[in-house]
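Text of the file protein.pdb, holding PDB, C-alpha atoms:
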ATOM      1  CA  MET A   1       8.822 -20.172  -6.724
ATOM      2  CA  PHE A   2       6.087 -20.017  -4.086
ATOM      3  CA  ASP A   3       3.218 -17.675  -4.998
ATOM      4  CA  ASP A   4       4.213 -14.875  -2.584
ATOM      5  CA  ALA A   5       7.849 -15.071  -3.632
ATOM      6  CA  LYS A   6       6.870 -15.110  -7.304
ATOM      7  CA  THR A   7       4.723 -12.002  -6.929
ATOM      8  CA  ALA A   8       7.589 -10.192  -5.194
ATOM      9  CA  ALA A   9      10.026 -11.355  -7.870
ATOM     10  CA  GLU A  10       7.697 -10.158 -10.646
ATOM     11  CA  ALA A  11       7.482  -6.744  -9.026
ATOM     12  CA  ARG A  12      11.260  -6.630  -8.663
ATOM     13  CA  ALA A  13      11.779  -7.659 -12.283
ATOM     14  CA  SER A  14       9.404  -4.914 -13.410
ATOM     15  CA  ASP A  15      11.309  -2.427 -11.289
ATOM     16  CA  TRP A  16      14.571  -3.363 -13.012
ATOM     17  CA  ILE A  17      12.925  -2.922 -16.426
ATOM     18  CA  ILE A  18      11.735   0.570 -15.608
ATOM     19  CA  ARG A  19      14.969   1.655 -13.955
ATOM     20  CA  GLN A  20      16.955   0.529 -16.975
ATOM     21  CA  ARG A  21      14.942   2.903 -19.182
ATOM     22  CA  ASP A  22      16.685   5.776 -17.443
ATOM     23  CA  PRO A  23      19.774   6.791 -19.419
ATOM     24  CA  ALA A  24      21.509   7.463 -16.098
ATOM     25  CA  PHE A  25      20.955   3.895 -14.838
ATOM     26  CA  ASP A  26      24.255   2.413 -13.653
ATOM     27  CA  ASP A  27      23.352  -0.302 -11.133
ATOM     28  CA  TRP A  28      24.330  -3.170 -13.405
ATOM     29  CA  ASP A  29      26.175  -4.932 -10.591
ATOM     30  CA  GLY A  30      23.018  -4.912  -8.489
ATOM     31  CA  PHE A  31      21.016  -6.226 -11.427
ATOM     32  CA  ALA A  32      23.504  -9.038 -11.958
ATOM     33  CA  ASP A  33      23.373  -9.921  -8.252
ATOM     34  CA  TRP A  34      19.578 -10.098  -8.401
ATOM     35  CA  LEU A  35      19.694 -12.414 -11.432
ATOM     36  CA  ALA A  36      22.139 -14.654  -9.597
ATOM     37  CA  GLU A  37      19.892 -14.973  -6.535
ATOM     38  CA  ASP A  38      17.497 -17.382  -8.252
ATOM     39  CA  PRO A  39      17.595 -19.150 -11.638
ATOM     40  CA  GLY A  40      13.959 -18.126 -12.172
ATOM     41  CA  HIS A  41      14.747 -14.402 -12.026
ATOM     42  CA  ALA A  42      16.187 -14.337 -15.531
ATOM     43  CA  ASP A  43      13.105 -16.083 -16.966
ATOM     44  CA  LEU A  44      10.777 -13.634 -15.204
ATOM     45  CA  TYR A  45      12.787 -10.660 -16.397
ATOM     46  CA  ASP A  46      12.788 -11.872 -19.995
ATOM     47  CA  ALA A  47       9.040 -12.595 -19.944
ATOM     48  CA  LEU A  48       8.147  -9.207 -18.502
ATOM     49  CA  ALA A  49      10.497  -7.334 -20.788
ATOM     50  CA  SER A  50       8.801  -9.022 -23.743
ATOM     51  CA  LEU A  51       5.343  -8.136 -22.390
ATOM     52  CA  ASP A  52       6.454  -4.560 -21.799
ATOM     53  CA  ARG A  53       7.526  -4.263 -25.419
ATOM     54  CA  ASP A  54       4.162  -5.669 -26.516
ATOM     55  CA  LEU A  55       2.339  -3.072 -24.405
ATOM     56  CA  ASP A  56       4.372  -0.234 -25.869
ATOM     57  CA  ALA A  57       3.420  -1.445 -29.331
ATOM     58  CA  LEU A  58      -0.315  -1.181 -28.637
ATOM     59  CA  PRO A  59      -2.152   1.732 -30.300
ATOM     60  CA  SER A  60      -2.756   4.702 -28.036
ATOM     61  CA  GLU A  61      -6.153   4.930 -26.370
ATOM     62  CA  ARG A  62      -8.669   7.683 -26.908
ATOM     63  CA  ALA A  63      -8.176  10.576 -24.513
ATOM     64  CA  PRO A  64      -9.909   9.748 -21.193
ATOM     65  CA  SER A  65     -12.951  11.737 -20.128
ATOM     66  CA  VAL A  66     -11.289  12.676 -16.845
ATOM     67  CA  VAL A  67      -7.599  13.299 -16.285
ATOM     68  CA  ILE A  68      -6.298  14.327 -12.884
ATOM     69  CA  ARG A  69      -2.856  15.828 -13.047
ATOM     70  CA  PRO A  70      -0.573  15.802 -10.019
ATOM     71  CA  GLU A  71       0.475  19.157  -8.600
ATOM     72  CA  THR A  72       4.142  18.255  -8.430
ATOM     73  CA  PRO A  73       5.662  15.010  -9.725
ATOM     74  CA  ARG A  74       7.774  13.224  -7.111
ATOM     75  CA  ARG A  75       9.222  10.438  -9.239
ATOM     76  CA  PRO A  76       9.519   9.393 -12.889
ATOM     77  CA  ALA A  77       6.177   9.442 -14.668
ATOM     78  CA  ARG A  78       6.282   5.921 -16.087
ATOM     79  CA  ARG A  79       6.825   2.756 -14.141
ATOM     80  CA  LEU A  80       5.616  -0.800 -14.700
ATOM     81  CA  TRP A  81       4.525  -3.353 -12.109
ATOM     82  CA  LEU A  82       2.748  -6.663 -12.596
ATOM     83  CA  GLY A  83       0.020  -8.589 -10.866
ATOM     84  CA  GLY A  84       0.156 -12.231 -12.025
ATOM     85  CA  ALA A  85       1.227 -12.063 -15.658
ATOM     86  CA  VAL A  86      -0.541  -8.842 -16.719
ATOM     87  CA  ALA A  87       1.060  -5.418 -16.709
ATOM     88  CA  ALA A  88      -0.527  -3.073 -14.163
ATOM     89  CA  ALA A  89      -0.122   0.598 -15.007
ATOM     90  CA  LEU A  90       2.034   3.537 -15.898
ATOM     91  CA  VAL A  91       2.633   5.498 -12.754
ATOM     92  CA  ALA A  92       2.628   9.044 -11.596
ATOM     93  CA  VAL A  93       2.552   9.495  -7.873
ATOM     94  CA  ILE A  94      -0.416  11.283  -6.400
ATOM     95  CA  ALA A  95       0.267  14.793  -5.223
ATOM     96  CA  LEU A  96      -2.611  15.664  -2.966
ATOM     97  CA  PRO A  97      -3.462  18.829  -1.052
ATOM     98  CA  GLN A  98      -2.488  19.005   2.567
ATOM     99  CA  LEU A  99      -5.497  20.025   4.582
ATOM    100  CA  GLY A 100      -5.390  21.458   8.072
ATOM    101  CA  LEU A 101      -6.609  19.923  11.299
ATOM    102  CA  PHE A 102     -10.272  20.059  12.139
ATOM    103  CA  ASP A 103     -11.721  21.686  15.256
ATOM    104  CA  ASP A 104     -10.063  19.250  17.673
ATOM    105  CA  ALA A 105      -6.286  19.633  17.433
ATOM    106  CA  ASN A 106      -5.845  16.084  18.750
ATOM    107  CA  ARG A 107      -8.155  14.513  16.182
ATOM    108  CA  ILE A 108      -6.856  14.315  12.620
ATOM    109  CA  GLU A 109      -9.350  13.445   9.890
ATOM    110  CA  THR A 110      -8.403  13.118   6.248
ATOM    111  CA  ALA A 111     -10.706  13.190   3.244
ATOM    112  CA  ALA A 112     -10.704  10.398   0.672
ATOM    113  CA  GLY A 113      -7.607  10.853  -1.485
ATOM    114  CA  GLU A 114      -5.867  13.155   0.995
ATOM    115  CA  HIS A 115      -2.508  12.231   2.522
ATOM    116  CA  ARG A 116      -1.086  13.901   5.602
ATOM    117  CA  SER A 117       2.158  13.589   7.530
ATOM    118  CA  ILE A 118       2.584  14.786  11.096
ATOM    119  CA  THR A 119       5.676  14.845  13.299
ATOM    120  CA  LEU A 120       5.238  14.365  17.026
ATOM    121  CA  ALA A 121       7.166  16.077  19.788
ATOM    122  CA  ASP A 122       9.484  13.088  20.248
ATOM    123  CA  GLY A 123      10.409  13.052  16.551
ATOM    124  CA  SER A 124       8.138  10.139  15.659
ATOM    125  CA  ARG A 125       6.199  10.586  12.427
ATOM    126  CA  ILE A 126       2.749   9.415  11.324
ATOM    127  CA  GLU A 127       1.781   9.311   7.643
ATOM    128  CA  ILE A 128      -2.000   9.194   7.330
ATOM    129  CA  ASN A 129      -3.854   7.848   4.312
ATOM    130  CA  GLY A 130      -7.132   9.273   3.051
ATOM    131  CA  ALA A 131     -10.524   8.691   4.722
ATOM    132  CA  SER A 132      -8.770   8.023   8.020
ATOM    133  CA  VAL A 133      -9.092   9.236  11.590
ATOM    134  CA  VAL A 134      -6.144   9.393  13.992
ATOM    135  CA  GLU A 135      -6.495  10.607  17.569
ATOM    136  CA  LEU A 136      -3.640  11.891  19.700
ATOM    137  CA  ASP A 137      -3.545  12.664  23.418
ATOM    138  CA  LYS A 138      -1.760  15.781  24.679
ATOM    139  CA  ASP A 139      -1.241  14.046  28.032
ATOM    140  CA  ARG A 140       0.234  10.926  26.382
ATOM    141  CA  PRO A 141       2.801  12.083  23.813
ATOM    142  CA  ARG A 142       3.821   8.476  23.033
ATOM    143  CA  PHE A 143       0.317   7.403  22.054
ATOM    144  CA  ALA A 144      -1.917   7.401  18.968
ATOM    145  CA  ARG A 145      -5.228   5.804  18.163
ATOM    146  CA  LEU A 146      -6.211   4.798  14.629
ATOM    147  CA  GLU A 147      -9.978   5.037  14.800
ATOM    148  CA  SER A 148     -10.446   4.115  11.156
ATOM    149  CA  GLY A 149      -8.505   4.000   7.910
ATOM    150  CA  GLU A 150      -4.770   3.576   7.476
ATOM    151  CA  ALA A 151      -1.544   5.084   8.771
ATOM    152  CA  MET A 152       2.185   4.414   8.606
ATOM    153  CA  PHE A 153       4.092   4.935  11.859
ATOM    154  CA  HIS A 154       7.805   5.781  12.041
ATOM    155  CA  VAL A 155       8.583   5.598  15.726
ATOM    156  CA  VAL A 156      11.572   6.927  17.637
ATOM    157  CA  HIS A 157      12.307   4.062  20.000
ATOM    158  CA  ARG A 158      12.688   4.619  23.730
ATOM    159  CA  GLU A 159      13.334   1.528  25.805
ATOM    160  CA  SER A 160      11.734   2.917  28.964
ATOM    161  CA  ASP A 161       8.837   4.645  27.197
ATOM    162  CA  PRO A 162       7.328   2.476  24.446
ATOM    163  CA  PHE A 163       5.078   4.012  21.824
ATOM    164  CA  LEU A 164       1.524   2.660  21.884
ATOM    165  CA  VAL A 165      -0.921   2.521  18.980
ATOM    166  CA  GLU A 166      -4.529   1.543  19.564
ATOM    167  CA  ALA A 167      -6.780   0.291  16.756
ATOM    168  CA  GLY A 168     -10.172  -0.928  17.899
ATOM    169  CA  ALA A 169      -9.513  -3.231  20.840
ATOM    170  CA  ALA A 170      -5.986  -3.977  19.619
ATOM    171  CA  ARG A 171      -2.879  -2.528  21.238
ATOM    172  CA  ILE A 172       0.321  -2.346  19.200
ATOM    173  CA  VAL A 173       3.484  -1.616  21.152
ATOM    174  CA  ASP A 174       6.588  -0.349  19.390
ATOM    175  CA  LEU A 175       9.850  -2.156  20.014
ATOM    176  CA  GLY A 176      11.779   0.172  17.668
ATOM    177  CA  THR A 177      10.235   0.133  14.230
ATOM    178  CA  ALA A 178       8.249   1.414  11.259
ATOM    179  CA  PHE A 179       4.897  -0.215  10.616
ATOM    180  CA  ASN A 180       1.632   0.217   8.729
ATOM    181  CA  VAL A 181      -1.777  -0.223  10.360
ATOM    182  CA  VAL A 182      -5.176  -0.594   8.680
ATOM    183  CA  ARG A 183      -8.443  -0.457  10.608
ATOM    184  CA  ARG A 184     -11.668  -1.438   8.806
ATOM    185  CA  ASP A 185     -14.778  -3.567   9.388
ATOM    186  CA  ARG A 186     -13.824  -4.424  12.983
ATOM    187  CA  ARG A 187     -10.517  -5.818  11.747
ATOM    188  CA  THR A 188      -6.955  -4.622  12.273
ATOM    189  CA  SER A 189      -4.013  -5.323   9.967
ATOM    190  CA  VAL A 190      -0.399  -4.631  10.902
ATOM    191  CA  ALA A 191       2.625  -4.906   8.575
ATOM    192  CA  VAL A 192       6.170  -4.150   9.738
ATOM    193  CA  SER A 193       8.891  -2.755   7.499
ATOM    194  CA  GLU A 194      11.539  -2.072  10.147
ATOM    195  CA  GLY A 195      12.193  -3.409  13.642
ATOM    196  CA  VAL A 196       9.581  -5.148  15.783
ATOM    197  CA  VAL A 197       6.124  -4.576  17.242
ATOM    198  CA  LEU A 198       4.266  -6.521  19.912
ATOM    199  CA  TYR A 199       0.584  -7.083  19.202
ATOM    200  CA  ASN A 200      -1.754  -7.141  22.223
ATOM    201  CA  PRO A 201       0.973  -7.684  24.824
ATOM    202  CA  GLN A 202      -1.550  -8.291  27.614
ATOM    203  CA  ARG A 203      -3.372 -11.069  25.739
ATOM    204  CA  ASP A 204      -2.061 -12.372  22.420
ATOM    205  CA  LYS A 205       1.613 -11.421  22.812
ATOM    206  CA  VAL A 206       2.304 -11.789  19.086
ATOM    207  CA  ARG A 207       5.723 -10.538  18.035
ATOM    208  CA  VAL A 208       5.816  -9.151  14.490
ATOM    209  CA  VAL A 209       9.204  -8.385  12.936
ATOM    210  CA  ALA A 210      10.244  -6.632   9.735
ATOM    211  CA  GLY A 211       8.917  -8.517   6.720
ATOM    212  CA  GLN A 212       5.933  -9.900   8.621
ATOM    213  CA  ALA A 213       2.262  -8.971   8.994
ATOM    214  CA  ILE A 214      -0.878 -10.006  10.850
ATOM    215  CA  GLU A 215      -4.614  -9.515  10.431
ATOM    216  CA  ALA A 216      -7.002  -9.922  13.345
ATOM    217  CA  GLY A 217     -10.736  -9.517  13.873
ATOM    218  CA  ASP A 218     -12.195  -8.022  17.027
ATOM    219  CA  ALA A 219     -14.132 -11.226  17.704
ATOM    220  CA  ASP A 220     -11.263 -13.641  17.011
ATOM    221  CA  ALA A 221     -10.759 -16.109  19.853
ATOM    222  CA  LYS A 222      -7.208 -17.061  18.885
ATOM    223  CA  PRO A 223      -4.120 -14.875  18.390
ATOM    224  CA  PRO A 224      -3.505 -13.867  14.757
ATOM    225  CA  GLN A 225      -1.078 -15.839  12.652
ATOM    226  CA  VAL A 226       2.064 -14.097  11.388
ATOM    227  CA  HIS A 227       2.657 -14.260   7.634
ATOM    228  CA  PRO A 228       5.471 -12.929   5.434
ATOM    229  CA  VAL A 229       5.225  -9.724   3.403
ATOM    230  CA  ASP A 230       7.623  -7.851   1.151
ATOM    231  CA  VAL A 231       8.991  -4.933   3.189
ATOM    232  CA  ALA A 232       9.177  -2.882  -0.013
ATOM    233  CA  ASN A 233       5.374  -2.994  -0.219
ATOM    234  CA  VAL A 234       4.616  -2.037   3.383
ATOM    235  CA  GLY A 235       2.918   1.358   3.306
ATOM    236  CA  GLY A 236       3.092   1.334  -0.489
ATOM    237  CA  TRP A 237       0.000   3.564  -0.622
ATOM    238  CA  ARG A 238       2.314   6.513   0.126
ATOM    239  CA  THR A 239       3.830   6.248  -3.361
ATOM    240  CA  GLY A 240       0.768   4.969  -5.180
ATOM    241  CA  LEU A 241       1.523   1.233  -4.994
ATOM    242  CA  LEU A 242      -1.151  -1.195  -3.744
ATOM    243  CA  VAL A 243      -0.226  -4.882  -3.510
ATOM    244  CA  TYR A 244      -2.682  -7.695  -2.742
ATOM    245  CA  ASN A 245      -2.696 -11.427  -2.185
ATOM    246  CA  ASP A 246      -6.184 -12.762  -2.964
ATOM    247  CA  ALA A 247      -7.972  -9.773  -1.450
ATOM    248  CA  PRO A 248     -11.725  -9.284  -2.006
ATOM    249  CA  LEU A 249     -12.509  -6.777  -4.739
ATOM    250  CA  THR A 250     -14.521  -4.793  -2.205
ATOM    251  CA  THR A 251     -11.348  -4.309  -0.163
ATOM    252  CA  VAL A 252      -9.441  -3.110  -3.232
ATOM    253  CA  ALA A 253     -12.271  -0.707  -4.064
ATOM    254  CA  GLU A 254     -12.198   0.701  -0.536
ATOM    255  CA  ASP A 255      -8.432   1.178  -0.737
ATOM    256  CA  LEU A 256      -8.697   3.003  -4.058
ATOM    257  CA  LYS A 257     -11.213   5.425  -2.599
ATOM    258  CA  ARG A 258      -9.159   5.996   0.536
ATOM    259  CA  THR A 259      -5.812   6.342  -1.201
ATOM    260  CA  ALA A 260      -6.801   8.214  -4.357
ATOM    261  CA  GLY A 261     -10.439   9.214  -4.062
ATOM    262  CA  ILE A 262     -11.365   6.801  -6.875
ATOM    263  CA  GLU A 263     -14.987   5.683  -6.616
ATOM    264  CA  VAL A 264     -15.314   2.010  -7.544
ATOM    265  CA  ALA A 265     -18.378  -0.094  -6.767
ATOM    266  CA  VAL A 266     -18.457  -3.886  -7.092
ATOM    267  CA  ALA A 267     -21.633  -5.338  -8.593
ATOM    268  CA  PRO A 268     -23.209  -8.311  -6.754
ATOM    269  CA  GLY A 269     -22.117 -10.733  -9.440
ATOM    270  CA  ALA A 270     -18.463  -9.722  -9.005
ATOM    271  CA  GLU A 271     -18.300  -9.577  -5.217
ATOM    272  CA  GLY A 272     -16.920 -13.100  -5.053
ATOM    273  CA  GLN A 273     -13.933 -12.199  -7.208
ATOM    274  CA  SER A 274     -10.564 -11.826  -5.504
ATOM    275  CA  PHE A 275      -7.564  -9.818  -6.601
ATOM    276  CA  ARG A 276      -3.934 -10.817  -6.523
ATOM    277  CA  GLY A 277      -1.133  -8.587  -7.753
ATOM    278  CA  ALA A 278      -0.054  -4.963  -7.821
ATOM    279  CA  LEU A 279      -1.919  -1.809  -8.787
ATOM    280  CA  ILE A 280      -0.397   1.552  -9.517
ATOM    281  CA  ILE A 281      -2.373   4.743  -8.892
ATOM    282  CA  ASP A 282      -1.989   6.404 -12.261
ATOM    283  CA  LYS A 283      -2.585  10.093 -12.878
ATOM    284  CA  ASP A 284      -5.193   8.844 -15.341
ATOM    285  CA  ARG A 285      -7.604   7.246 -12.897
ATOM    286  CA  ALA A 286      -9.428   5.483 -15.743
ATOM    287  CA  ARG A 287      -6.207   3.595 -16.520
ATOM    288  CA  THR A 288      -5.933   2.387 -12.923
ATOM    289  CA  VAL A 289      -9.510   1.105 -12.929
ATOM    290  CA  ALA A 290      -8.966  -0.552 -16.316
ATOM    291  CA  ASP A 291      -5.931  -2.358 -14.909
ATOM    292  CA  LEU A 292      -7.941  -3.539 -11.909
ATOM    293  CA  ALA A 293     -10.626  -4.910 -14.192
ATOM    294  CA  ALA A 294      -8.122  -6.665 -16.458
ATOM    295  CA  LEU A 295      -6.259  -8.237 -13.554
ATOM    296  CA  SER A 296      -9.397  -9.358 -11.710
ATOM    297  CA  GLY A 297     -11.305 -10.746 -14.687
ATOM    298  CA  THR A 298     -14.070  -8.146 -14.463
ATOM    299  CA  VAL A 299     -15.406  -5.359 -16.660
ATOM    300  CA  ALA A 300     -15.235  -1.708 -15.573
ATOM    301  CA  GLU A 301     -18.218   0.435 -16.548
ATOM    302  CA  ARG A 302     -18.132   4.202 -16.121
ATOM    303  CA  ARG A 303     -21.120   5.467 -14.154
ATOM    304  CA  GLY A 304     -21.353   9.087 -13.088
ATOM    305  CA  ASN A 305     -18.198  10.097 -11.242
ATOM    306  CA  GLY A 306     -17.044   6.552 -10.691
ATOM    307  CA  TRP A 307     -16.940   3.004 -12.027
ATOM    308  CA  VAL A 308     -18.727  -0.292 -11.425
ATOM    309  CA  LEU A 309     -16.988  -3.662 -11.749
ATOM    310  CA  THR A 310     -19.156  -6.395 -13.255
ATOM    311  CA  ARG A 311     -18.641  -9.950 -14.479
TER
END

Structure re-expressed in structure tokens:
Amino acid sequence: MFDDAKTAAEARASDWIIRQRDPAFDDWDGFADWLAEDPGHADLYDALASLDRDLDALPSERAPSVVIRPETPRRPARRLWLGGAVAAALVAVIALPQLGLFDDANRIETAAGEHRSITLADGSRIEINGASVVELDKDRPRFARLESGEAMFHVVHRESDPFLVEAGAARIVDLGTAFNVVRRDRRTSVAVSEGVVLYNPQRDKVRVVAGQAIEAGDADAKPPQVHPVDVANVGGWRTGLLVYNDAPLTTVAEDLKRTAGIEVAVAPGAEGQSFRGALIIDKDRARTVADLAALSGTVAERRGNGWVLTR
């Protein structure tokens, strides 16, 4: 398998393992179909099932110094995903408080770890990650600007009235779709889970369809290149799933703060490390950071209210 396909297959195999723990599981036909899709699926499933059993056999850890319990669980409390060949984490989805709008009703700011969902007049919906700023325009109901942070857009398509998202200098035009946008460090990332978007129609004219993504810098002279992504992972932050393909550890640390309010600093000696795989935001934040350290070949040290990753 190619690396991207193998990572997706590992995540899928882990998903089957967890689903089969449920006594009510009955999708054996679907499981058989997945095994038949690729001869390597059975080997992956067997390897991960064996690793999962090994993890369950480990002695329990000492009670963590900080445990954050979700207000209301929204899915089963235990779920396994992998990054590379190491198990990521047991999962409990984050239940975070919904805060109100600030002084400007057209400017929505979220705190680190806060998630918000707003529905527009046309029925379109924007899910906003933590530490993000989204601006609306009462005179342009089919418009939103992501000033910073991350948001997932579910757009009601209108052929004669396209929905426009601005992020920095980038313009993203909906052609009937759902897509995730990240704006950080003068860069814009777009990943599409449904339909199609057109990136910078007046200049780059890059068409991005479901299962594809782009990343572009404000100073880039050439149009961004389209690359494949797993649609199941687009906007995964909404359910506590963060998936990476050789991302800098500083990027992962920023995402953890934005998505879950987890403070992680990367020491100078570890800044060159990259991360590939999947992380689950566990209700025990210490477990999530421990998984990140194990998967990235670093050591997590607790300092104050956060952690520092070192080599």

- [ ] Carefully work through the PyMOL selection byres ((chain A and resi 210-227) around 7) for this structure and note down the residues it includes, as an NGL selection string.
- [x] :A and (169 or 186-196 or 204 or 208-209 or 228-231)

Go through the shown structure with the PyMOL selection byres ((chain A and resi 307) around 9) and write out the matching residues as a JSON list (two decimals) with C-alpha atoms, in the coordinates of the input.
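Saved the output as selection_8.json:
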[["chain", "number", "residue", "atom", "x", "y", "z"],
["A", 262, "ILE", "CA", -11.36, 6.80, -6.88],
["A", 263, "GLU", "CA", -14.99, 5.68, -6.62],
["A", 264, "VAL", "CA", -15.31, 2.01, -7.54],
["A", 265, "ALA", "CA", -18.38, -0.09, -6.77],
["A", 266, "VAL", "CA", -18.46, -3.89, -7.09],
["A", 286, "ALA", "CA", -9.43, 5.48, -15.74],
["A", 289, "VAL", "CA", -9.51, 1.10, -12.93],
["A", 300, "ALA", "CA", -15.24, -1.71, -15.57],
["A", 301, "GLU", "CA", -18.22, 0.44, -16.55],
["A", 302, "ARG", "CA", -18.13, 4.20, -16.12],
["A", 303, "ARG", "CA", -21.12, 5.47, -14.15],
["A", 304, "GLY", "CA", -21.35, 9.09, -13.09],
["A", 305, "ASN", "CA", -18.20, 10.10, -11.24],
["A", 306, "GLY", "CA", -17.04, 6.55, -10.69],
["A", 308, "VAL", "CA", -18.73, -0.29, -11.42],
["A", 309, "LEU", "CA", -16.99, -3.66, -11.75]]

Open item on the list: Using only C-alpha atoms, which protein or nucleic acid residues come within 10 Å of Val156 of chain A? Drop anything in the same chain fewer than 5 positions from it, and give the result as a ChimeraX atom specification.
Closed with: /A:120,122-125,142,162-163,174-178

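Nearest residue to Gln273 of chain A among A:Asn106, A:Thr288, A:Gln202, A:Thr251 is A:Thr251, counting all atoms listed in the file.
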
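Of the residues under consideration (A:Thr310, A:Thr259, A:Ser14, A:Thr119), A:Thr310 shows the shortest atom-to-atom contact distance to Gly272 of chain A when counting all atoms listed in the file.
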
- [ ] Take the PyMOL selection byres ((chain A and resi 143-150) around 7), apply it to the structure above, and return the hits as a VMD selection string.
- [x] chain A and resid 128 to 129 131 to 137 140 to 142 151 163 to 168 181 to 184

Got time to write the residues from that selection, C-alpha atoms, as a PDB file, keeping the file's coordinate frame?
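File result_36.pdb, as written:
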ATOM      1  CA  ILE A 128      -2.000   9.194   7.330  1.00  0.00           C
ATOM      2  CA  ASN A 129      -3.854   7.848   4.312  1.00  0.00           C
ATOM      3  CA  ALA A 131     -10.524   8.691   4.722  1.00  0.00           C
ATOM      4  CA  SER A 132      -8.770   8.023   8.020  1.00  0.00           C
ATOM      5  CA  VAL A 133      -9.092   9.236  11.590  1.00  0.00           C
ATOM      6  CA  VAL A 134      -6.144   9.393  13.992  1.00  0.00           C
ATOM      7  CA  GLU A 135      -6.495  10.607  17.569  1.00  0.00           C
ATOM      8  CA  LEU A 136      -3.640  11.891  19.700  1.00  0.00           C
ATOM      9  CA  ASP A 137      -3.545  12.664  23.418  1.00  0.00           C
ATOM     10  CA  ARG A 140       0.234  10.926  26.382  1.00  0.00           C
ATOM     11  CA  PRO A 141       2.801  12.083  23.813  1.00  0.00           C
ATOM     12  CA  ARG A 142       3.821   8.476  23.033  1.00  0.00           C
ATOM     13  CA  ALA A 151      -1.544   5.084   8.771  1.00  0.00           C
ATOM     14  CA  PHE A 163       5.078   4.012  21.824  1.00  0.00           C
ATOM     15  CA  LEU A 164       1.524   2.660  21.884  1.00  0.00           C
ATOM     16  CA  VAL A 165      -0.921   2.521  18.980  1.00  0.00           C
ATOM     17  CA  GLU A 166      -4.529   1.543  19.564  1.00  0.00           C
ATOM     18  CA  ALA A 167      -6.780   0.291  16.756  1.00  0.00           C
ATOM     19  CA  GLY A 168     -10.172  -0.928  17.899  1.00  0.00           C
ATOM     20  CA  VAL A 181      -1.777  -0.223  10.360  1.00  0.00           C
ATOM     21  CA  VAL A 182      -5.176  -0.594   8.680  1.00  0.00           C
ATOM     22  CA  ARG A 183      -8.443  -0.457  10.608  1.00  0.00           C
ATOM     23  CA  ARG A 184     -11.668  -1.438   8.806  1.00  0.00           C
TER      24      ARG A 184
END

Task: For Asp27 of chain A: contacts at 10 Å, only C-alpha atoms, fewer than 6 positions along chain excluded, given as a count of residues only - done: 3

Grab all the atoms of segment 104-121 of chain A that the file lists, wrap them in a box along x, y and z, add 3 Å per side, and give me centre plus edge lengths in Å (one decimal) as JSON.
{"center_x": -1.8, "center_y": 15.0, "center_z": 9.2, "size_x": 23.9, "size_y": 15.2, "size_z": 27.3}

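Nearest residue to Ile18 of chain A among A:Asp161, A:Tyr45, A:Arg238, A:Asp139 is A:Tyr45, counting only C-alpha atoms.
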
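Put simply, atom CA of Lys283 of chain A is 20.6 Å away from atom CA of Ser296 of chain A.
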
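Of the residues under consideration (A:Gly236, A:Val173, A:Leu292, A:Phe179), A:Val173 shows the shortest atom-to-atom contact distance to Val206 of chain A when counting only C-alpha atoms.
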
- [ ] Could you check how far atom CA of Val252 of chain A sits from atom CA of Val155 of chain A, in Å to one decimal?
- [x] 27.6 Å

- [ ] Grab the atom CA of Glu159 of chain A to atom CA of Ile172 of chain A distance for me, in Å with one decimal place.
- [x] 15.1 Å

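Considering the residues A:Gly30, A:Gly277, A:Gly40, A:Gly269 and counting all atoms listed in the file, Val243 of chain A has its shortest atom-to-atom contact with A:Gly277.
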
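The closest residue to Leu198 of chain A, picked from A:Ala13, A:Arg285, A:Pro268, A:Ala170 and counting all atoms listed in the file, is A:Ala170.
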
As a PDB file with C-alpha atoms, in the coordinates of the input, please: the residues near Gly113 of chain A (cut-off 6 Å, all atoms listed in the file, same-chain neighbours under 5 positions excluded).
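The file below, selection08.pdb, is the result:
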ATOM      1  CA  GLY A 130      -7.132   9.273   3.051  1.00  0.00           C
ATOM      2  CA  ARG A 258      -9.159   5.996   0.536  1.00  0.00           C
ATOM      3  CA  THR A 259      -5.812   6.342  -1.201  1.00  0.00           C
ATOM      4  CA  ALA A 260      -6.801   8.214  -4.357  1.00  0.00           C
ATOM      5  CA  GLY A 261     -10.439   9.214  -4.062  1.00  0.00           C
TER       6      GLY A 261
END
